[in-house]
Each structure stands twice: as structure tokens, then as C-alpha cells.
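Here is the structure we will look at.
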Amino acid sequence: MVAPAPVSALLHAVAVVKAGAFGIVRVVYEVYGVEFAQSLNLLTPLAVVASITIIWGSLRALWQDDLKRRLAYSTVSQVSYIMLGVALFGLMSTIGGIVHLVHQGIMKITLFFCAGNYAETLGVHKVSEMDGTGRRMPLTTMAFSIAAFGMIGIPLTAGYVSKLYLSQGAQEADMAWAGWVLTASSLLNAAYFLPILYRAWFKRQPHTWPHEHIPARRLRETTWLLLIPPLVTAAATLVAGVFYNIDWSPLFWAKLIAEREYLP
């Protein structure tokens with residue numbers, strides 16, 4: 001039995017693509033132990049590989065016209081943040097890496113939900129076809145915009161919290177070059193997300209779309225079954241960014257896990 005599209009997308013964005021990253025985290029912390037891994041000089045090479053992957057994924061995303069391919073390469077880059085956090089050997093970076101497991105999942109599933117809405121409702125699959133989608137589907141595009149800002153690391157979003165802790169972790173580990181990698185990645189994120197938002201909100205929409213399953217006279221946006229999921233996950237992106245310091249937030253649990261490894 002094939003899962004419905006939103007469920008399949010959720011499983012892919014939140015679970016499947018994290019399996020490798022989660023496995024490395026478990027090996028470092030549960031099999032070797034982070035202090036023993038550091039004593040074997042295994043973490044610095046891991047940090048270098050993660051940094052290269054962060055930049056490579058961002059550069060590949062920059063040149064993709066297919067919207068889902070751009071998001072997929074962005075995922076390659078963003079998941080590597082988790083590896084970088086583990087490899088920097090410090091409490092702050094570990095918190096940043098672990099919390100990004102959750103934050104990246106929330107933001108990326110929002111983007112994929114929205115991409116699915118554009119494809120199903122308008123037949124839009126490419127960045128070059130995004131002109132005017134913000135006027136035709138304002139709520140979907142608002143959700144996409146919030147998640148994109150989170151990926152860039154704009155304050156009040158979940159992505160800002162992750163990058164803040166990772167940057168502080170780079171300073172704590174005396175590895176300033178890792179901080180520059182994060183800065184370069186944020187600039188590249190802006191370079192491949194902001195043009196999409198400009199097209200969606202500020203360019204004129206075409207006279208006709210490739211296809212529309214729902215006539216505009218009946219419903220301006222899309223079916224509510226497609227609309228509710230990205231609105232919920234976009235709201236979660238903001239809640240995780242604004243209320244990051246409250247109990248039971250993703251950051252609360254990340255701190256709890258990381259402190260067990262580093263604090264006596």
C-alpha cells in the first residue's frame with residue numbers, strides 16, 4: 001500500500017534522510033564515546049568532510065531549476081550541519097547539531113509540502129515557473145517563505161537557533177573556520193531561496209498555469225487537505241524559533257541529551 005503524498009513526504013524529509021546522520025551520532029556518542037573519538041583524532045576529519053558537504057550541497061542547489069531538486073540538494077547541505085555539530089567536540093555545538101535534527105525536519109518538510117501544493121494545484125515544478133505563485137497561492141507561499149527564512153537562519157525561526165548554537169560551538173572549540181563555513185552556507189542559502197521568493201511575490205503571474213485541479217472561482221488557494229500541513233509545520237518553525245528556551249521545546253531536549261555527554 002502506497003502512503004498518501006503528505007505522509008510519504010513527511011517520512012522522507014524527517015526520517016529517511018536523517019538515518020545516516022543519526023547513525024553517525026550514535027556511533028560517536030554511544031559506541032566510541034565522544035572523548036575517545038576525539039583522542040583518536042577522528043572528529044576533525046569528520047568536521048572537514050561535513051563542511052565540504054555543506055558547501056557542495058549549497059552550490060549544487062544554487063544551479064537547480066527543478067524546485068524539488070533544489071530542495072533535495074539543500075537537504076544534503078543542511079543534514080551535514082548535524083555532522084558538523086557532532087564533530088566540533090563541545091557542548092554548544094553538540095546542542096546545535098542535535099536540535100537541528102528536529103529543526104531541519106520541520107523546515108524542510110514545510111518546503112516539500114509547499115512544492116507539492118504548487119505541483120498538484122498549478123502544475124508548477126520549476127523555479128522558473130514560480131512567477132506570481134504568491135498571489136495565486138498566498139498561504140502556501142507564506143509557509144514556504146517562513147521555512148526558507150529558517151533555512152537561511154533569519155531570527156525568530158528554528159534555523160536561527162540551530163545556527164546560533166553551532167556558531168557558538170565553533171568558537172568554543174577554537175575552530176573559527178567552521179564558523180566561516182556556516183556563514184558561507186547561510187549566504188548560499190539566501191542566494192538560492194531569495195530568488196524563489198522574489199519570483200513568487202513580486203513577479204506577475206502568467207495568464208494560464210500548466211494545469212489547475214481547482215478552478216480559481218471555487219477556491220483561491222488549494223484543497224484544505226493540502227493546505228493545512230504546511231501551515232502547521234510553518235507555525236512550528238516559528239514556535240521553535242520564538243519559544244526555543246521553554247521547557248519541552250526541541251532545544252530543551254537537545255540540551256538534556258548533550259549535557260549527559262559533557263557535564264559530570
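Within each chain, counting starts at residue 1; across the C-alpha cells, chains are named A, B, ... in the order shown, with ligands numbered 1 upward in that order.
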
What's around range 31-38 of chain A at 9 Å? Count only C-alpha atoms, leave out sequence neighbours fewer than 6 positions away in its own chain, and write the answer as a PyMOL selection string. chain A and resi 44+86-87+89+261-262

Mind writing the picked residues with N, CA and C atoms as a PDB file, in the first residue's frame?
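Contents of again.pdb, as written:
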ATOM      1  N   THR A  44      38.031  15.781  13.855  1.00  0.00           N
ATOM      2  CA  THR A  44      38.423  16.857  12.929  1.00  0.00           C
ATOM      3  C   THR A  44      38.233  16.462  11.473  1.00  0.00           C
ATOM      4  N   VAL A  86      28.341  17.559  15.740  1.00  0.00           N
ATOM      5  CA  VAL A  86      28.911  16.420  16.464  1.00  0.00           C
ATOM      6  C   VAL A  86      30.433  16.480  16.455  1.00  0.00           C
ATOM      7  N   ALA A  87      31.000  16.886  15.307  1.00  0.00           N
ATOM      8  CA  ALA A  87      32.445  16.804  15.118  1.00  0.00           C
ATOM      9  C   ALA A  87      33.218  17.938  15.769  1.00  0.00           C
ATOM     10  N   PHE A  89      33.235  18.889  18.805  1.00  0.00           N
ATOM     11  CA  PHE A  89      33.636  18.487  20.155  1.00  0.00           C
ATOM     12  C   PHE A  89      33.445  19.619  21.165  1.00  0.00           C
ATOM     13  N   GLU A 261      26.451  13.971  28.053  1.00  0.00           N
ATOM     14  CA  GLU A 261      27.740  13.574  27.494  1.00  0.00           C
ATOM     15  C   GLU A 261      28.895  14.440  28.024  1.00  0.00           C
ATOM     16  N   TYR A 262      28.609  15.702  28.290  1.00  0.00           N
ATOM     17  CA  TYR A 262      29.691  16.637  28.594  1.00  0.00           C
ATOM     18  C   TYR A 262      29.766  17.081  30.039  1.00  0.00           C
TER      19      TYR A 262
END

Selection near Arg260 in chain A, 12 Å with only C-alpha atoms, sequence-local residues under 6 positions removed, as number ranges by chain: A: 29-30, 33-34, 91, 94-95, 253-254

Please save C-alpha atoms of the selected residues as a compact mmCIF listing (two decimals), in the first residue's frame.
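Contents of the output file selection-v5.txt:
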# COMPACT_ATOMS: atom_id res chain seq x y z
CA TYR A 29 28.45 9.05 21.31
CA GLU A 30 27.26 5.55 22.08
CA GLY A 33 32.24 7.89 23.21
CA VAL A 34 32.94 11.46 22.17
CA LEU A 91 28.64 21.19 24.44
CA THR A 94 26.51 19.23 20.11
CA ILE A 95 23.33 21.00 21.21
CA TRP A 253 15.59 18.07 24.82
CA ALA A 254 18.80 18.70 22.86

*Assign secondary structure with DSSP using the backbone only, and return the residues of range 123-215 of chain A in helix (DSSP H, G or I) as a ChimeraX atom specification.*
/A:127-129,133-136,138-152,158-172,176-202

One residue among A:Leu59, A:Leu194, A:Ala50, A:Ala184 is nearest to Val79 in chain A when using only C-alpha atoms, and that residue is A:Ala50

Using only C-alpha atoms, determine which residues lie at most 12 Å from His207 in chain A, disregarding the query and same-chain residues fewer than 5 positions distant; provide the list as a list in words. Asp131, Gly132, Thr133 and Arg136 of chain A

Could you write out the selected residues, including C-alpha atoms, as an mmCIF file, in the first residue's frame?
data_model
loop_
_atom_site.group_PDB
_atom_site.id
_atom_site.type_symbol
_atom_site.label_atom_id
_atom_site.label_comp_id
_atom_site.auth_asym_id
_atom_site.auth_seq_id
_atom_site.Cartn_x
_atom_site.Cartn_y
_atom_site.Cartn_z
ATOM 1 C CA ASP A 131 6.306 33.803 -11.110
ATOM 2 C CA GLY A 132 3.239 35.091 -9.283
ATOM 3 C CA THR A 133 2.596 31.976 -7.205
ATOM 4 C CA ARG A 136 -2.287 32.797 -6.639
#

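For Thr157 in chain A, the non-local neighbours within 10 Å, defined as residues at least 4 positions apart in the same chain or in other chains and counting only C-alpha atoms, are His103, Met107, Ile146, Ala147, Ala148, Phe149, Gly150, Met151, Ile152, Gly153, Val161, Ser162, Ala234, Ala235, Ala236, Thr237, Leu238, Val239, Ala240, Gly241, Val242, Phe243 and Tyr244 of chain A.
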
Would you export the selected residues with C-alpha atoms as a PDB file, in the first residue's frame, please?
ATOM      1  CA  HIS A 103      14.521  21.940  13.262  1.00  0.00           C
ATOM      2  CA  MET A 107      11.540  23.447   7.944  1.00  0.00           C
ATOM      3  CA  ILE A 146       8.839  31.146   6.612  1.00  0.00           C
ATOM      4  CA  ALA A 147      10.639  27.841   6.063  1.00  0.00           C
ATOM      5  CA  ALA A 148      13.048  29.416   3.566  1.00  0.00           C
ATOM      6  CA  PHE A 149      13.905  32.172   6.055  1.00  0.00           C
ATOM      7  CA  GLY A 150      14.507  29.450   8.621  1.00  0.00           C
ATOM      8  CA  MET A 151      16.932  27.687   6.303  1.00  0.00           C
ATOM      9  CA  ILE A 152      18.814  30.947   5.805  1.00  0.00           C
ATOM     10  CA  GLY A 153      18.927  31.451   9.577  1.00  0.00           C
ATOM     11  CA  VAL A 161      18.538  28.775  16.881  1.00  0.00           C
ATOM     12  CA  SER A 162      20.439  25.878  15.299  1.00  0.00           C
ATOM     13  CA  ALA A 234       5.439  26.648   9.197  1.00  0.00           C
ATOM     14  CA  ALA A 235       3.847  27.659  12.504  1.00  0.00           C
ATOM     15  CA  ALA A 236       6.043  25.061  14.239  1.00  0.00           C
ATOM     16  CA  THR A 237       9.101  26.673  12.597  1.00  0.00           C
ATOM     17  CA  LEU A 238       8.176  29.980  14.211  1.00  0.00           C
ATOM     18  CA  VAL A 239       7.212  28.470  17.568  1.00  0.00           C
ATOM     19  CA  ALA A 240      10.530  26.577  17.772  1.00  0.00           C
ATOM     20  CA  GLY A 241      12.370  29.812  16.976  1.00  0.00           C
ATOM     21  CA  VAL A 242      10.462  32.219  19.223  1.00  0.00           C
ATOM     22  CA  PHE A 243       9.889  29.945  22.229  1.00  0.00           C
ATOM     23  CA  TYR A 244      13.123  27.985  21.966  1.00  0.00           C
TER      24      TYR A 244
END
